[in-house]
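Read through the structure below, which is laid out as structure tokens, and then see the notes.
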Amino acid sequence: MHSLTDELTARLRAVAGVDPELRPATKPEFGHFQSNVALRLAKDRGVNPRQVAADLVTRLNVDDICLPIEIAGPGFLNLRLRPDVLAQAVNDMAADPALGVTALEPRQTAVVDYSSPNVAKQMHVGHLRTTIIGDCFVRVLRAVGTTVIPQNHMGDWGRQFGMLIEQIADENLDLDALDLPGAEALYLRANAHLDADAAFAERARARVVALQSGDEATKAVWRRLIEISLTGFNATYQRLGVLLTDDDIAGESSYNDMLGPIADDLEARGIAVHDQGALVVFVDGFDAPAIIRNSAGGYGYDVTDVAAIKHRVDDLHADRLIYVTDVRQRGHFELIFGVCRRAGYLPDSVTVQHVGYGMVMGVDGRPFKTREGTAAHLDDLLDDAEQVASPAIALAAIKYADLSNQLQKDYVFDADRMTKTFGDTGPYLQYAHARTAQILARAQLENLTWGGVEAIAEPAEIDLALALTGFGGVVTEVATLLTPHKLCIYLYDLATKYSVFYEQCPVLTSEGATRSSRLALCAATKTVLATGLRLLGIAAPDRM
RNA sequence: GCGCCUGUAGCUUAAUGGAUAGAGCAUCUGACUACGGAUCAGAAGGUUGGGGGUUCAAGUCCCUCCAGGCGCGCCA
């Protein structure tokens with residue numbers, strides 16, 4: 001679908017000779033779109049920018065789309081769409097199943113790595129962010145035609161299993177009765193035991209070796225711990241309403257068989273070198289190397305992450321890799337990306353983006369903790385919000401609060417503020433959507449029918465229509481730059497425009513073409529709000 | 001020590017190098033026999049941490065300083 005802005009940009013480019021950088025107007029009095037192209041051209045040519053602007057306007061023919069172009073200030077071009085063109089644009093969008101969202105070309109396959117909880121530990125506050133953000137990316141990327149492969153890089157391998165399995169044996173624990181909170185309690189007991197008892201620590205180490213060498217009895221307990229954990233994780237995923245399933249699990253253990261061959265390959269090609277007893281890869285710009293194989297001959301998370309990239313490129317045929325982790329892991333991943341570029345595991349044709357998110361803070365400005373002062377579990381946060389709002393509203397509130405600011409910044413988890421049904425919150429957007437639904441429901445009850453948007457004249461109608469046509473562009477931007485807050489801002493603006501329209505333009509009590517057109521605006525707004533909220537992972541109920 | 005991130009109104013925050021830095025909360029003032037007021041309209045609130053520089057134009061780019069946070073070999 002060829003958008004109005006594409007068309008206007010093309011025509012402006014034809015007369016200007018360069019990209020006119022047509023942008024949504026920053027203020028209502030600047031029209032609907034603005035361009036600063038005259039200022040840049042004037043600078044290059046050393047002439048008066050207003051003269052250049054006047055010259056461009058003379059040569060530009062957009063009368064079929066725009067009202068007469070205004071030249072403002074030092075030479076800005078202010079464009080305003082004709083109401084009939086705007087109405088048609090809304091109708092075109094509403095008739096398009098994709099709502100004006102165009103596919104990213106070329107079509108891509110993207111792996112999104114997110115959530116990644118650790119076995120035998122409940123998800124904590126950080127997992128809330130990676131899970132919500134990753135879920136949003138999956139939804140947005142699918143909306144732009146990308147084939148998305150979620151990968152839940154679950155922490156299901158490592159030396160902690162030695163102490164866990166030994167502790168289970170010591171306590172003669174009934175694994176059938178164990179659940180995830182129980183497993184976490186076990187984890188804490190095992191950890192304390194490890195610190196206090198050298199003999200236990202030695203047995204734990206031996207148990208790790210047994211696990212790694214494939215001892216069946218040991219592996220059975222390990223598998224059971226994973227099973228218990230997955231049950232707990234899935235309950236939380238269900239509570240969060242995210243798309244993740246067991247099919248998306250690709251735990252650390254799944255890369256075991258790749259680690260040795262990768263080490264051999266890197267060593268044989270001289271990319272990995274021996275240093276201080278370990279096999280390592282140095283990357284320009286990093287002081288410390290990636291550890292491919294430690295001095296004890298073991299494999300750690302560096303090489304596991306290398307293997308994951310190799311698998312995603314070679315086997316999953318991804319051409320875009322996205323990592324959603326704590327911002328503190330950025331350095332680690334930059335290093336791993338560097339290793340994989342050097343090794344050719346990550347060809348230039350494959351892009352990789354690390355999306356780091358900030359910490360969740362309490363209202364006191366410190367990292368979020370429970371009342372008892374222990375590290376907060378994800379479910380604690382949900383419980384917290386559900387104390388001041390119904391589960392559906394609480395969830396919308398949390399997701400919106402999480403996605404509506406720049407991801408790399410810390411954000412304050414303030415349940416009271418985020419669950420308000422006014423202001424820049426998720427529930428406010430849900431309320432705006434519910435209002436569209438109720439007005440349409442009443443119209444149907446009264447057997448009122450409507451066609452397309454036409455005859456829009458009121459400023460509130462024009463503002464709403466203009467906002468509606470911007471949906472596709474925003475989704476493309478979010479899919480490219482991975483900035484969910486842009487979609488939040490867009491939807492909040494749309495909801496605000498709808499509220500103004502709702503106040504100023506009676507729908508059901510108007511008549512004829514006006515009523516029909518306004519009902520069509522309500523219907524289009526409902527669809528865009530519902531779709532936009534769904535891309536954020538937020539439900540849009542017809543009633544609240 | 002090296003590197004990365006953050007600093008915008010009392011609070012939470014937005015802003016592809018473009019016009020008078022835009023919102024929300026809180027505060028104050030209005031609009032209710034209302035298409036759900038779970039809303040809307042308005043006011044007030046800013047030397048964008050400080051200082052230089054580049055540019056026709058800087059919150060944005062460069063340099064420097066300040067404050068806070070984080071990361072830097074065999075844990076993940």
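Following the order of the structure tokens, chains are lettered A, B, ..., residues in each are numbered from 1, and ligands are numbered from 1.
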
Sorted by chain and rising residue number, which residues of chain A lie within 6 Å of chain B, and what are their closest atom pairs and distances in Å to one decimal, counting only C-alpha atoms (C1' of nucleotides), as JSON lines?
{"residue": "A:Asn294", "atom": "CA", "partner": "B:C74", "partner_atom": "C1'", "distance": 4.8}
{"residue": "A:Thr421", "atom": "CA", "partner": "B:A38", "partner_atom": "C1'", "distance": 5.7}
{"residue": "A:Gly423", "atom": "CA", "partner": "B:G24", "partner_atom": "C1'", "distance": 5.1}
{"residue": "A:Asp424", "atom": "CA", "partner": "B:G24", "partner_atom": "C1'", "distance": 5.3}
{"residue": "A:Ile439", "atom": "CA", "partner": "B:C35", "partner_atom": "C1'", "distance": 5.9}
{"residue": "A:Leu508", "atom": "CA", "partner": "B:C35", "partner_atom": "C1'", "distance": 5.6}

Would you return as a ChimeraX atom specification the members of region 147-281 of chain A that DSSP assigns to helix (DSSP H, G or I) on this structure's backbone? /A:160-171,175-177,180-196,198-212,216-240,246-248,252-268

Preceding selection exported with C-alpha atoms as a short mmCIF file (atom, residue, chain, number, x, y, z; two decimals), in the first residue's frame:
data_model
loop_
_atom_site.label_atom_id
_atom_site.label_comp_id
_atom_site.auth_asym_id
_atom_site.auth_seq_id
_atom_site.Cartn_x
_atom_site.Cartn_y
_atom_site.Cartn_z
CA GLN A 160 24.40 -25.54 40.29
CA PHE A 161 22.83 -28.88 39.37
CA GLY A 162 25.54 -30.72 41.25
CA MET A 163 24.54 -29.21 44.57
CA LEU A 164 20.82 -29.44 43.79
CA ILE A 165 20.95 -33.14 43.03
CA GLU A 166 23.14 -33.91 46.04
CA GLN A 167 20.87 -31.95 48.33
CA ILE A 168 17.87 -33.86 47.02
CA ALA A 169 19.65 -37.11 47.81
CA ASP A 170 20.68 -35.90 51.27
CA GLU A 171 17.15 -34.89 52.15
CA LEU A 175 10.44 -35.14 43.59
CA ASP A 176 6.84 -35.87 42.69
CA ALA A 177 5.68 -33.47 45.39
CA LEU A 180 8.92 -24.47 41.67
CA PRO A 181 8.79 -22.50 44.94
CA GLY A 182 9.87 -25.71 46.66
CA ALA A 183 12.73 -26.12 44.20
CA GLU A 184 13.84 -22.58 44.87
CA ALA A 185 13.83 -23.20 48.60
CA LEU A 186 15.89 -26.30 47.89
CA TYR A 187 18.29 -24.16 45.88
CA LEU A 188 18.83 -21.86 48.84
CA ARG A 189 19.38 -24.77 51.23
CA ALA A 190 21.82 -26.39 48.82
CA ASN A 191 23.73 -23.15 48.43
CA ALA A 192 24.05 -22.72 52.19
CA HIS A 193 25.10 -26.35 52.50
CA LEU A 194 27.73 -25.82 49.81
CA ASP A 195 29.26 -22.90 51.69
CA ALA A 196 29.27 -24.69 55.02
CA ALA A 198 33.50 -28.88 52.09
CA ALA A 199 32.67 -32.56 51.71
CA PHE A 200 29.27 -31.66 50.30
CA ALA A 201 30.92 -29.26 47.88
CA GLU A 202 33.19 -32.04 46.70
CA ARG A 203 30.22 -34.37 46.16
CA ALA A 204 28.45 -31.59 44.25
CA ARG A 205 31.43 -31.23 41.94
CA ALA A 206 31.49 -34.96 41.33
CA ARG A 207 27.78 -34.86 40.60
CA VAL A 208 28.31 -32.21 37.93
CA VAL A 209 30.80 -34.52 36.26
CA ALA A 210 28.30 -37.37 36.44
CA LEU A 211 25.64 -35.19 34.84
CA GLN A 212 27.95 -34.04 32.07
CA GLU A 216 21.26 -41.86 33.67
CA ALA A 217 20.15 -41.64 37.30
CA THR A 218 21.61 -38.17 37.59
CA LYS A 219 20.02 -37.05 34.34
CA ALA A 220 16.64 -38.32 35.48
CA VAL A 221 16.72 -36.02 38.51
CA TRP A 222 17.96 -33.16 36.30
CA ARG A 223 15.09 -33.72 33.87
CA ARG A 224 12.61 -33.74 36.72
CA LEU A 225 13.92 -30.39 37.97
CA ILE A 226 13.43 -28.94 34.51
CA GLU A 227 9.92 -30.36 34.35
CA ILE A 228 9.02 -28.82 37.70
CA SER A 229 10.46 -25.49 36.64
CA LEU A 230 8.67 -25.48 33.30
CA THR A 231 5.35 -26.05 35.01
CA GLY A 232 6.01 -23.01 37.16
CA PHE A 233 7.25 -20.91 34.25
CA ASN A 234 4.26 -21.79 32.11
CA ALA A 235 1.88 -20.78 34.87
CA THR A 236 3.56 -17.39 34.98
CA TYR A 237 3.56 -17.07 31.18
CA GLN A 238 -0.13 -17.81 31.19
CA ARG A 239 -0.71 -15.23 33.87
CA LEU A 240 1.26 -12.72 31.80
CA ASP A 246 7.47 -25.20 25.30
CA ASP A 247 8.25 -25.25 21.57
CA ASP A 248 10.29 -22.08 22.05
CA GLU A 252 21.72 -23.97 27.38
CA SER A 253 21.99 -27.75 27.54
CA SER A 254 20.82 -28.06 23.94
CA TYR A 255 24.15 -26.66 22.74
CA ASN A 256 26.34 -29.14 24.61
CA ASP A 257 27.27 -31.20 21.59
CA MET A 258 28.36 -28.13 19.64
CA LEU A 259 30.84 -26.81 22.20
CA GLY A 260 33.75 -29.19 21.61
CA PRO A 261 33.66 -28.92 17.81
CA ILE A 262 33.44 -25.13 18.01
CA ALA A 263 36.47 -25.01 20.28
CA ASP A 264 38.35 -27.28 17.90
CA ASP A 265 37.31 -25.23 14.88
CA LEU A 266 38.32 -21.93 16.44
CA GLU A 267 41.61 -23.36 17.63
CA ALA A 268 42.41 -25.01 14.29
#

Measure the distance from CA of Gly158 (chain A) to CA of Ser115 (chain A) in Å and round it to one decimal.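 Distance between the two atoms: 18.1 Å.
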
Taking 2 positions as the minimum chain separation for residues in the same chain, which residues sit within 9 Å of Pro427 (chain A) when counting only C-alpha atoms (C1' of nucleotides)? Answer as a ChimeraX atom specification. /A:393-394,396-397,400,418-422,424-425,429-432 /B:38

Which distance in Å separates CA of Ala54 (chain A) and CA of Val15 (chain A), to one decimal?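 A separation of 11.9 Å between them.
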
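Neighbouring residues of Arg543 (chain A) at 9 Å or closer, counting only C-alpha atoms (C1' of nucleotides) and skipping chain neighbours under 6 positions away, are Gln430, Tyr431, His433, Ala434, Arg435, Ala437 and Gln438 of chain A.
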
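Ranking A:Val388, A:Gly298, A:Val339, A:Asp348 by their shortest atom-to-atom distance to Ala272 (chain A), with only C-alpha atoms included, puts A:Val339 first.
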
Identify, with DSSP run on backbone atoms, the residues in region 195-284 of chain A assigned to strand (DSSP E), and express the list as a PDB file with N, CA and C atoms, in the first residue's frame.
ATOM      1  N   VAL A 273      43.130 -18.817  20.891  1.00  0.00           N
ATOM      2  CA  VAL A 273      44.517 -19.046  21.285  1.00  0.00           C
ATOM      3  C   VAL A 273      44.562 -19.449  22.758  1.00  0.00           C
ATOM      4  N   HIS A 274      45.651 -20.076  23.129  1.00  0.00           N
ATOM      5  CA  HIS A 274      45.828 -20.449  24.535  1.00  0.00           C
ATOM      6  C   HIS A 274      46.412 -19.269  25.282  1.00  0.00           C
ATOM      7  N   ASP A 275      45.778 -18.934  26.405  1.00  0.00           N
ATOM      8  CA  ASP A 275      46.233 -17.805  27.200  1.00  0.00           C
ATOM      9  C   ASP A 275      45.902 -18.086  28.658  1.00  0.00           C
ATOM     10  N   ALA A 278      43.793 -21.115  29.413  1.00  0.00           N
ATOM     11  CA  ALA A 278      42.460 -21.291  28.820  1.00  0.00           C
ATOM     12  C   ALA A 278      42.533 -21.066  27.309  1.00  0.00           C
ATOM     13  N   LEU A 279      41.520 -21.568  26.622  1.00  0.00           N
ATOM     14  CA  LEU A 279      41.403 -21.319  25.185  1.00  0.00           C
ATOM     15  C   LEU A 279      40.481 -20.111  25.016  1.00  0.00           C
ATOM     16  N   VAL A 280      41.021 -19.047  24.442  1.00  0.00           N
ATOM     17  CA  VAL A 280      40.259 -17.795  24.412  1.00  0.00           C
ATOM     18  C   VAL A 280      40.296 -17.140  23.032  1.00  0.00           C
ATOM     19  N   VAL A 281      39.358 -16.227  22.804  1.00  0.00           N
ATOM     20  CA  VAL A 281      39.359 -15.432  21.579  1.00  0.00           C
ATOM     21  C   VAL A 281      39.402 -13.960  21.972  1.00  0.00           C
TER      22      VAL A 281
END

So which residues touch region 453-457 of chain A within 10 Å, counting only C-alpha atoms (C1' of nucleotides), skipping near sequence neighbours fewer than 5 positions away, as number ranges by chain? A: 83-92, 94, 462, 465, 513-524

Of A:Gly46, A:Leu440, A:Pro97, A:Phe30, the one sitting nearest Leu77 (chain A) when using only C-alpha atoms is A:Phe30

Env of C65 (chain B): 12 Å cut, atoms = only C-alpha atoms (C1' of nucleotides), seq-sep filter 6 positions within chain, self excluded. Answer as a ChimeraX atom specification. /B:49-52

Would you pick out the contacts of Glu334 (chain A) at 12 Å or less, using only C-alpha atoms (C1' of nucleotides), so that residues sharing its chain but fewer than 4 positions from it are not included, and give the list as JSON, numbers by chain? {"A": [283, 284, 285, 286, 289, 290, 302, 305, 306, 323, 327, 328, 329, 330, 338, 339, 340, 341, 352, 353, 354, 355, 356], "B": [4, 71]}
